[in-house]
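Below: query-v4.tsv (TSV, C-alpha atoms)
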```tsv
chain	number	residue	atom	x	y	z
A	25	MET	CA	-10.55	-37.99	-20.26
A	26	THR	CA	-12.86	-37.75	-17.24
A	27	ASN	CA	-9.90	-38.04	-14.88
A	28	ARG	CA	-8.18	-35.08	-16.52
A	29	LEU	CA	-11.21	-32.81	-16.60
A	30	PRO	CA	-11.25	-31.67	-12.93
A	31	HIS	CA	-7.55	-30.86	-13.11
A	32	SER	CA	-8.13	-28.85	-16.28
A	33	LEU	CA	-10.97	-26.94	-14.65
A	34	ARG	CA	-8.83	-26.17	-11.61
A	35	ALA	CA	-6.04	-24.95	-13.90
A	36	ASP	CA	-8.45	-22.70	-15.78
A	37	ALA	CA	-9.79	-21.27	-12.54
A	38	ARG	CA	-6.26	-20.67	-11.25
A	39	ASP	CA	-5.29	-18.93	-14.48
A	40	ASN	CA	-8.38	-16.72	-14.30
A	41	ARG	CA	-7.63	-15.77	-10.72
A	42	GLU	CA	-4.02	-14.89	-11.47
A	43	ARG	CA	-5.06	-12.84	-14.51
A	44	ILE	CA	-7.68	-10.99	-12.44
A	45	LEU	CA	-5.10	-10.11	-9.78
A	46	ALA	CA	-2.50	-9.00	-12.34
A	47	VAL	CA	-4.98	-6.79	-14.17
A	48	THR	CA	-6.31	-5.34	-10.91
A	49	ARG	CA	-2.86	-4.51	-9.54
A	50	THR	CA	-2.03	-2.58	-12.70
A	51	ALA	CA	-5.39	-0.80	-12.75
A	52	PHE	CA	-5.36	0.17	-9.08
A	53	ALA	CA	-1.72	1.28	-9.15
A	54	GLY	CA	-2.29	3.66	-12.02
A	55	GLU	CA	-5.89	4.75	-11.52
A	56	GLY	CA	-6.78	4.13	-7.89
A	57	LEU	CA	-9.75	2.21	-6.54
A	58	ASP	CA	-12.34	3.86	-8.78
A	59	VAL	CA	-11.87	1.21	-11.46
A	60	THR	CA	-15.12	-0.77	-11.47
A	61	MET	CA	-15.45	-4.51	-11.13
A	62	ARG	CA	-17.05	-4.64	-14.59
A	63	GLU	CA	-14.04	-2.82	-16.07
A	64	ILE	CA	-11.65	-5.20	-14.33
A	65	ALA	CA	-13.56	-8.16	-15.78
A	66	ARG	CA	-13.35	-6.59	-19.25
A	67	ARG	CA	-9.59	-6.04	-19.00
A	68	ALA	CA	-9.08	-9.56	-17.69
A	69	GLU	CA	-11.13	-10.85	-20.63
A	70	ILE	CA	-13.56	-12.73	-18.46
A	71	GLY	CA	-17.25	-12.35	-17.69
A	72	PRO	CA	-18.43	-10.46	-14.59
A	73	ALA	CA	-19.85	-13.71	-13.21
A	74	THR	CA	-16.39	-15.29	-13.29
A	75	LEU	CA	-14.91	-12.29	-11.49
A	76	TYR	CA	-17.54	-12.39	-8.75
A	77	ARG	CA	-17.12	-16.13	-8.39
A	78	HIS	CA	-13.50	-15.52	-7.39
A	79	PHE	CA	-14.08	-12.25	-5.52
A	80	PRO	CA	-17.69	-11.76	-4.32
A	81	THR	CA	-17.04	-8.14	-3.28
A	82	LYS	CA	-14.66	-5.37	-4.22
A	83	GLU	CA	-13.39	-5.39	-0.64
A	84	ALA	CA	-12.33	-9.02	-1.09
A	85	LEU	CA	-10.47	-8.10	-4.28
A	86	VAL	CA	-8.77	-5.10	-2.65
A	87	THR	CA	-7.67	-7.25	0.30
A	88	GLU	CA	-6.15	-9.89	-1.96
A	89	VAL	CA	-4.43	-7.38	-4.24
A	90	PHE	CA	-2.83	-5.39	-1.43
A	91	THR	CA	-1.96	-8.20	0.98
A	92	GLU	CA	1.72	-8.07	0.04
A	93	GLN	CA	1.92	-4.26	0.31
A	94	MET	CA	0.15	-4.35	3.66
A	95	ALA	CA	2.62	-6.92	4.94
A	96	THR	CA	5.50	-4.72	3.74
A	97	CYS	CA	3.95	-1.70	5.45
A	98	THR	CA	3.62	-3.64	8.71
A	99	ALA	CA	7.24	-4.80	8.48
A	100	ILE	CA	8.38	-1.19	7.98
A	101	VAL	CA	6.57	-0.09	11.14
A	102	ASP	CA	7.94	-3.05	13.10
A	103	GLU	CA	11.45	-2.08	12.01
A	104	GLY	CA	10.87	1.48	13.17
A	105	LEU	CA	9.65	0.32	16.57
A	106	ALA	CA	12.73	-1.86	16.97
A	107	ASP	CA	15.09	1.10	16.48
A	108	PRO	CA	16.56	2.20	19.84
A	109	ASP	CA	16.34	5.81	18.62
A	110	PRO	CA	12.59	6.54	18.38
A	111	TRP	CA	13.02	9.68	16.27
A	112	ARG	CA	15.23	7.89	13.77
A	113	GLY	CA	12.76	5.01	13.71
A	114	PHE	CA	9.85	7.40	13.22
A	115	CYS	CA	11.59	9.18	10.32
A	116	ARG	CA	12.46	5.85	8.69
A	117	VAL	CA	8.83	4.74	8.89
A	118	ILE	CA	7.57	7.98	7.33
A	119	GLU	CA	10.13	7.82	4.53
A	120	LYS	CA	9.58	4.17	3.65
A	121	VAL	CA	5.80	4.21	3.99
A	122	CYS	CA	5.55	7.31	1.80
A	123	GLU	CA	7.80	5.64	-0.76
A	124	LEU	CA	5.60	2.55	-0.74
A	125	HIS	CA	2.43	4.59	-1.16
A	126	ALA	CA	3.90	6.76	-3.91
A	127	GLN	CA	4.56	3.64	-5.96
A	128	ASP	CA	0.93	2.53	-5.88
A	129	ARG	CA	-1.95	4.99	-6.00
A	130	GLY	CA	-4.44	2.27	-5.20
A	131	PHE	CA	-2.68	1.22	-2.01
A	132	THR	CA	-2.85	4.77	-0.69
A	133	ALA	CA	-6.58	4.87	-1.36
A	134	ALA	CA	-7.07	1.48	0.26
A	135	PHE	CA	-5.02	2.39	3.34
A	136	VAL	CA	-6.92	5.60	4.10
A	137	SER	CA	-10.29	3.99	3.36
A	138	ALA	CA	-12.54	1.94	5.61
A	139	PHE	CA	-13.62	-1.44	4.28
A	140	PRO	CA	-16.06	-2.83	6.85
A	141	ARG	CA	-16.20	-6.29	5.29
A	142	ALA	CA	-12.46	-6.59	4.55
A	143	ILE	CA	-11.62	-7.78	8.05
A	144	ASP	CA	-8.05	-8.95	7.41
A	145	PHE	CA	-7.00	-5.74	5.66
A	146	THR	CA	-8.68	-3.51	8.22
A	147	ALA	CA	-7.09	-5.38	11.12
A	148	ALA	CA	-3.60	-5.08	9.60
A	149	ARG	CA	-4.16	-1.40	8.87
A	150	GLU	CA	-5.33	-0.68	12.41
A	151	ARG	CA	-2.36	-2.56	13.84
A	152	ALA	CA	0.05	-0.49	11.72
A	153	LEU	CA	-1.61	2.75	12.84
A	154	ARG	CA	-1.48	1.73	16.52
A	155	GLU	CA	2.22	0.97	16.23
A	156	VAL	CA	2.92	4.28	14.48
A	157	ALA	CA	1.05	6.01	17.32
A	158	GLU	CA	3.28	4.23	19.85
A	159	LEU	CA	6.40	5.19	17.90
A	160	ALA	CA	5.20	8.79	17.78
A	161	ARG	CA	4.65	8.74	21.55
A	162	ARG	CA	8.22	7.56	22.09
A	163	ALA	CA	9.59	10.23	19.74
A	164	LYS	CA	7.64	12.90	21.65
A	165	THR	CA	8.97	11.59	24.96
A	166	ALA	CA	12.48	11.84	23.53
A	167	GLY	CA	11.77	15.49	22.72
A	168	LYS	CA	12.25	15.06	18.97
A	169	LEU	CA	8.70	15.01	17.60
A	170	ARG	CA	6.59	18.11	18.10
A	171	PRO	CA	4.03	17.51	20.86
A	172	ASP	CA	1.03	18.61	18.77
A	173	PHE	CA	1.49	15.82	16.21
A	174	VAL	CA	-1.53	13.50	16.10
A	175	LEU	CA	-2.16	10.29	14.19
A	176	ASP	CA	-4.66	12.01	11.88
A	177	ASP	CA	-1.69	14.04	10.62
A	178	LEU	CA	-0.26	10.80	9.22
A	179	ILE	CA	-3.47	10.15	7.27
A	180	MET	CA	-3.33	13.70	5.92
A	181	LEU	CA	0.34	13.19	5.03
A	182	LEU	CA	-0.43	10.00	3.09
A	183	MET	CA	-3.30	11.65	1.25
A	184	ALA	CA	-1.00	14.50	0.19
A	185	ASN	CA	1.78	12.09	-0.71
A	186	GLY	CA	-0.73	10.15	-2.82
A	187	GLY	CA	-0.61	12.98	-5.35
A	188	ILE	CA	3.00	12.09	-6.17
A	189	ARG	CA	3.69	9.15	-8.45
A	190	THR	CA	7.28	7.88	-8.57
A	191	THR	CA	7.12	6.90	-12.24
A	192	SER	CA	10.34	8.69	-13.20
A	193	PRO	CA	13.64	9.67	-11.53
A	194	ALA	CA	12.47	13.28	-11.34
A	195	ALA	CA	9.22	12.28	-9.66
A	196	ALA	CA	11.08	10.03	-7.23
A	197	ALA	CA	13.39	12.92	-6.30
A	198	ALA	CA	10.41	15.22	-5.83
A	199	ALA	CA	8.79	12.63	-3.55
A	200	GLN	CA	11.94	12.40	-1.43
A	201	ARG	CA	12.10	16.20	-1.13
A	202	PHE	CA	8.42	16.34	-0.19
A	203	VAL	CA	8.89	13.80	2.59
A	204	ALA	CA	12.03	15.57	3.84
A	205	LEU	CA	10.09	18.83	4.12
A	206	LEU	CA	7.31	17.05	6.00
A	207	ILE	CA	9.73	15.49	8.46
A	208	GLN	CA	11.42	18.84	9.09
A	209	GLY	CA	8.02	20.30	9.83
A	210	MET	CA	7.41	17.63	12.47
A	211	GLN	CA	10.65	18.24	14.37
A	212	THR	CA	10.65	20.13	17.65
A	213	GLU	CA	13.79	22.01	16.60
A	214	PRO	CA	14.18	24.55	15.27
A	215	VAL	CA	11.22	26.01	17.13
A	216	ARG	CA	8.28	26.67	14.81
A	217	PRO	CA	4.83	28.17	15.38
A	218	PRO	CA	2.26	25.65	16.62
A	219	LEU	CA	0.08	23.93	14.08
A	220	PRO	CA	-3.58	24.90	13.69
A	221	PRO	CA	-6.00	22.72	15.70
A	222	ALA	CA	-6.01	19.10	14.55
A	223	VAL	CA	-8.82	18.15	12.19
A	224	ARG	CA	-10.17	14.61	12.11
A	225	LEU	CA	-10.38	13.68	8.45
A	226	PRO	CA	-13.36	11.55	7.43
A	227	LEU	CA	-12.39	8.18	6.02
A	228	THR	CA	-13.99	7.20	2.74
A	229	VAL	CA	-15.91	3.96	2.52
A	230	GLY	CA	-14.90	1.59	-0.28
A	231	THR	CA	-17.51	0.32	-2.68
```

Could the structure of this file be written out as structure tokens, please?
Amino acid sequence: MTNRLPHSLRADARDNRERILAVTRTAFAGEGLDVTMREIARRAEIGPATLYRHFPTKEALVTEVFTEQMATCTAIVDEGLADPDPWRGFCRVIEKVCELHAQDRGFTAAFVSAFPRAIDFTAARERALREVAELARRAKTAGKLRPDFVLDDLIMLLMANGGIRTTSPAAAAAAQRFVALLIQGMQTEPVRPPLPPAVRLPLTVGT
């Protein structure tokens, strides 16, 4: 009996962790990051102490929940950088990243937020943004991306795209149309009036 007890405790802890992550993914995807830790514990049918034992901070929970999406986002940007046509690569990144964000409201909120203590997530996010900036530079050099595009425009784009949820075929089609309109607006041709001065959007701090 005593030999089986530690294994049983480890199994219980593993089950609790998996249930926490499953509940959190569903909650964040549908409702964003405003869902409280106490509410997550309630939905996972565990006590708050158990939740905090697994994830001491909300930043730690966000990082764990969105690790896979962040890896996918990074892979999308890497693929765009590898394209010999920088404009095509840039468009592909915008399309795929917007699709990824439209599928998960919480990931959009996490990506445009600053989590000072979530080092791994922040580092991956900053790497993705740096690579998008490099891809944008190449597309400008190729004469395809309008020269007044700045990286803050991408954050604004993602925030706007976050209002679209691809929960139905109609919504998915609307999201594709929205992104197509955005990409057309970023092209150098046909010639369009210059954009208003760029505005640096404040990043929200996660709790």

Leaving out region 157-161 of chain A and any residue of its chain fewer than 4 positions from it, which residues lie within 12 Å of it when counting all atoms listed in the file, given as a count of residues only? 40

Best match for closeness to His125 (chain A) among A:Ala68, A:Leu182, A:Phe79, A:Glu155, counting only C-alpha atoms: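 Smallest separation from His125 (chain A) among the options: A:Leu182.
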
Padded axis-aligned box of region 60-76 of chain A (6 Å per side), centre and edge lengths, Å, one decimal, as AutoDock Vina command-line options:
```
--center_x -14.5 --center_y -8.0 --center_z -14.7 --size_x 22.8 --size_y 26.5 --size_z 23.9
```

For each of A:Pro221, A:Gly56, A:Ala35, A:Glu42, take the minimum atom-to-atom distance to Asp128 (chain A), counting all atoms listed in the file, then give the residue where this is smallest.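 Looking at the shortest contact to Asp128 (chain A), the residue is A:Gly56.
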
Provide the CA of Leu85 (chain A) to CA of Leu124 (chain A) distance in Å, to one decimal place. 19.6 Å

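Checking A:Ala184, A:Ala197, A:Val86, A:Leu206 one by one against Ala53 (chain A), counting only C-alpha atoms, you find the shortest gap at A:Val86.
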
For Val59 (chain A): contacts at 12 Å, all atoms listed in the file, fewer than 3 positions along chain excluded, given as a list in words: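 With the cut-off at 12 Å, the set is Val47, Thr48, Arg49, Thr50, Ala51, Phe52, Ala53, Gly54, Glu55, Gly56, Arg62, Glu63, Ile64, Ala65, Arg66, Arg67, Lys82, Leu85, Val86, Arg129, Gly130, Ala133, Gly230 and Thr231 of chain A.
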
Do you have the CA of Arg43 (chain A)-CA of Glu83 (chain A) distance handy?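 Between these atoms lies a distance of 17.8 Å.
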
Closest of A:Ala148, A:Ala204, A:Ile44, A:Cys122 to Thr91 (chain A), counting only C-alpha atoms, is A:Ala148

Between CA of Ala199 (chain A) and CA of Glu92 (chain A), what is the distance, to one decimal in Å?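 Value for the CA of Ala199 (chain A)-CA of Glu92 (chain A) distance: 22.2 Å.
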
Pick from A:Asn185, A:Ala147, A:Cys97, A:Thr74, whichever lies nearest to Lys120 (chain A) using all atoms listed in the file: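 That would be A:Cys97, the residue with the smallest distance to Lys120 (chain A).
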
Looking at all atoms listed in the file, which of A:Arg41, A:Glu213, A:Glu123, A:Thr87 is the one that sits closest to Ala198 (chain A)?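 For Ala198 (chain A), the nearest of the given residues is A:Glu123.
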